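I have placed the structure first, in the form of structure tokens, so that the comments after it can refer back to it.
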Amino acid sequence: MMHLVTGGSGSGKSAYAEEQILKAPEKRRIYIATMLPCGEEGRLRVQRHRRMRRDKGFETVECYTNLSGLEIPEGCAVLLECVSNLTANEMYQEEGAGEKTFQAVTEGIRSLNKQAGTLVAVTNEVFSDGNSYDASTMRYMEILGRINQELTREADLATEVVYGIPVLVKTNGVLQGR
């Protein structure tokens with residue numbers, strides 16, 4: 001079962017996604033961290049997320065690229081945090097997929113979904129600010145947008161978190177009226 005959770009920065013999507021994993025029937029919990037901690041801001045963000053998970057029984061696996069090469073225990077509950085960082089890593093890291101980022105990310109998540117009992121994947125809503133960016137950033141946003149659309153099509157559940165409030169977008173494979 002795959003649940004895609006999206007929202008803007010600071011929307012509460014990470015806390016909501018974690019709650020969903022804690023409610024999952026599987027007792028073994030894997031947290032897949034995709035953020036390369038760069039600089040002080042990155043280090044602080046990693047610390048904040050670790051505090052959120054403290055004493056909740058998560059095993060942390062760091063995976064910055066090549067998600068399809070990752071093997072996890074079959075039937076566990078997996079929290080993938082997050083698709084947006086994974087996409088950037090695949091696009092811009094030397095060991096990343098480069099031009100094949102869309103395929104690498106979607107195939108990697110499909111692989112995780114086959115292995116996991118419950119998969120909750122967190123991603124970012126990046127188009128709502130209405131700003132224009134340089135060509136490289138726009139390319140990243142375009143690819144992430146395509147990935148988010150593909151994952152929403154494939155997900156059993158999709159939720160957008162707005163101001164800490166979860167808004168169900170898709171349930172049991174059916175899009176909700178909006």
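Letters A, B, ... mark the chains of the structure tokens in the order given; residue numbers begin at 1 per chain; ligand numbers begin at 1, in order shown.
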Write out as CSV a residue-level contact list of region 65-106 of chain A versus region 7-31 of chain A with cut-off 8 Å: for each qualifying residue the closest pair of atoms and the distance in Å to one decimal, counting only C-alpha atoms, rows sorted by chain and residue number upward.
residue,atom,partner,partner_atom,distance
A:Gly75,CA,A:Glu26,CA,7.2
A:Cys76,CA,A:Arg28,CA,5.2
A:Ala77,CA,A:Arg29,CA,4.8
A:Val78,CA,A:Ile30,CA,4.8
A:Leu79,CA,A:Tyr31,CA,4.8
A:Leu80,CA,A:Tyr31,CA,6.2
A:Glu81,CA,A:Tyr31,CA,7.4
For Lys170 (chain A), please output as a ChimeraX atom specification all residues within 7 Å (counting only C-alpha atoms; exclusion window: fewer than 6 positions along the same chain). /A:157-159,176
Take the residues that were just selected and, keeping N, CA, C and O atoms, output them as a compact mmCIF listing (two decimals), in the first residue's frame.
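Final file, again.txt:
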# COMPACT_ATOMS: atom_id res chain seq x y z
N LEU A 157 -3.39 5.94 -1.70
CA LEU A 157 -3.85 7.14 -1.00
C LEU A 157 -2.93 8.30 -1.38
O LEU A 157 -1.72 8.10 -1.56
N ALA A 158 -3.50 9.50 -1.46
CA ALA A 158 -2.70 10.71 -1.65
C ALA A 158 -3.32 11.80 -0.79
O ALA A 158 -4.53 11.99 -0.79
N THR A 159 -2.46 12.47 -0.03
CA THR A 159 -2.91 13.51 0.89
C THR A 159 -2.06 14.75 0.71
O THR A 159 -0.84 14.66 0.63
N GLN A 176 -10.52 12.22 -5.15
CA GLN A 176 -11.61 12.87 -4.42
C GLN A 176 -12.01 14.15 -5.15
O GLN A 176 -11.18 14.79 -5.76
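If you look at CA of Met91 (chain A) and CA of Glu71 (chain A), they are 22.0 Å away from each other.
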Nearest residue to Met35 (chain A) out of A:Arg110, A:Lys56, A:Arg139, A:His49, using only C-alpha atoms? A:His49
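For the atom pair formed by CA of Thr152 (chain A) and CA of Glu94 (chain A), the distance is 28.4 Å, given to one decimal.
Taking only region 44-94 of chain A, the residues that DSSP calls alpha helix (DSSP H) from the backbone come to A:Leu44, A:Arg45, A:Val46, A:Gln47, A:Arg48, A:His49, A:Arg50, A:Arg51, A:Met52, A:Arg53, A:Val83, A:Ser84, A:Asn85, A:Leu86, A:Thr87, A:Ala88, A:Asn89, A:Glu90, A:Met91, A:Tyr92.
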So that I have them on file, write out the residues from the current selection with N, CA, C and O atoms, as a compact mmCIF listing (two decimals), in the first residue's frame.
# COMPACT_ATOMS: atom_id res chain seq x y z
N LEU A 44 20.81 21.22 10.81
CA LEU A 44 19.72 21.50 11.75
C LEU A 44 18.42 20.80 11.34
O LEU A 44 17.69 20.30 12.20
N ARG A 45 18.15 20.75 10.06
CA ARG A 45 16.94 20.07 9.58
C ARG A 45 17.01 18.57 9.88
O ARG A 45 16.04 17.97 10.34
N VAL A 46 18.17 17.96 9.66
CA VAL A 46 18.35 16.54 9.97
C VAL A 46 18.15 16.31 11.47
O VAL A 46 17.47 15.37 11.88
N GLN A 47 18.71 17.17 12.29
CA GLN A 47 18.54 17.05 13.75
C GLN A 47 17.07 17.15 14.15
O GLN A 47 16.59 16.39 14.99
N ARG A 48 16.33 18.07 13.54
CA ARG A 48 14.91 18.24 13.85
C ARG A 48 14.13 16.97 13.50
O ARG A 48 13.31 16.50 14.30
N HIS A 49 14.41 16.40 12.35
CA HIS A 49 13.71 15.18 11.94
C HIS A 49 14.09 14.00 12.84
O HIS A 49 13.24 13.16 13.15
N ARG A 50 15.32 13.93 13.25
CA ARG A 50 15.73 12.87 14.18
C ARG A 50 15.01 13.01 15.52
O ARG A 50 14.61 12.01 16.11
N ARG A 51 14.86 14.24 15.99
CA ARG A 51 14.13 14.46 17.25
C ARG A 51 12.68 14.00 17.11
O ARG A 51 12.11 13.44 18.03
N MET A 52 12.07 14.28 15.94
CA MET A 52 10.69 13.87 15.71
C MET A 52 10.54 12.35 15.81
O MET A 52 9.51 11.86 16.27
N ARG A 53 11.54 11.60 15.37
CA ARG A 53 11.47 10.13 15.32
C ARG A 53 11.98 9.47 16.59
O ARG A 53 11.80 8.26 16.75
N VAL A 83 10.89 12.58 -1.53
CA VAL A 83 11.00 12.44 -2.98
C VAL A 83 11.69 13.66 -3.59
O VAL A 83 12.46 13.54 -4.54
N SER A 84 11.44 14.83 -3.05
CA SER A 84 12.02 16.06 -3.59
C SER A 84 13.54 16.07 -3.48
O SER A 84 14.24 16.43 -4.43
N ASN A 85 14.06 15.66 -2.32
CA ASN A 85 15.51 15.57 -2.15
C ASN A 85 16.10 14.48 -3.04
O ASN A 85 17.16 14.67 -3.65
N LEU A 86 15.43 13.34 -3.10
CA LEU A 86 15.90 12.25 -3.95
C LEU A 86 15.99 12.71 -5.40
O LEU A 86 16.98 12.42 -6.09
N THR A 87 14.99 13.44 -5.87
CA THR A 87 14.99 13.96 -7.24
C THR A 87 16.19 14.88 -7.47
O THR A 87 16.90 14.75 -8.47
N ALA A 88 16.43 15.80 -6.55
CA ALA A 88 17.57 16.72 -6.68
C ALA A 88 18.89 15.94 -6.69
O ALA A 88 19.79 16.23 -7.49
N ASN A 89 19.00 14.95 -5.81
CA ASN A 89 20.23 14.15 -5.76
C ASN A 89 20.46 13.42 -7.07
O ASN A 89 21.59 13.39 -7.58
N GLU A 90 19.41 12.83 -7.60
CA GLU A 90 19.55 12.09 -8.87
C GLU A 90 19.92 13.04 -10.01
O GLU A 90 20.69 12.68 -10.90
N MET A 91 19.40 14.25 -9.98
CA MET A 91 19.68 15.21 -11.06
C MET A 91 21.08 15.80 -10.96
O MET A 91 21.75 15.96 -11.98
N TYR A 92 21.53 16.13 -9.74
CA TYR A 92 22.70 16.98 -9.60
C TYR A 92 23.93 16.30 -9.00
O TYR A 92 25.03 16.85 -9.12
Out of A:Glu160, A:Asp55, A:Glu74, A:Glu40, which residue has the shortest atom-to-atom distance to Leu112 (chain A) when counting only C-alpha atoms? A:Glu74
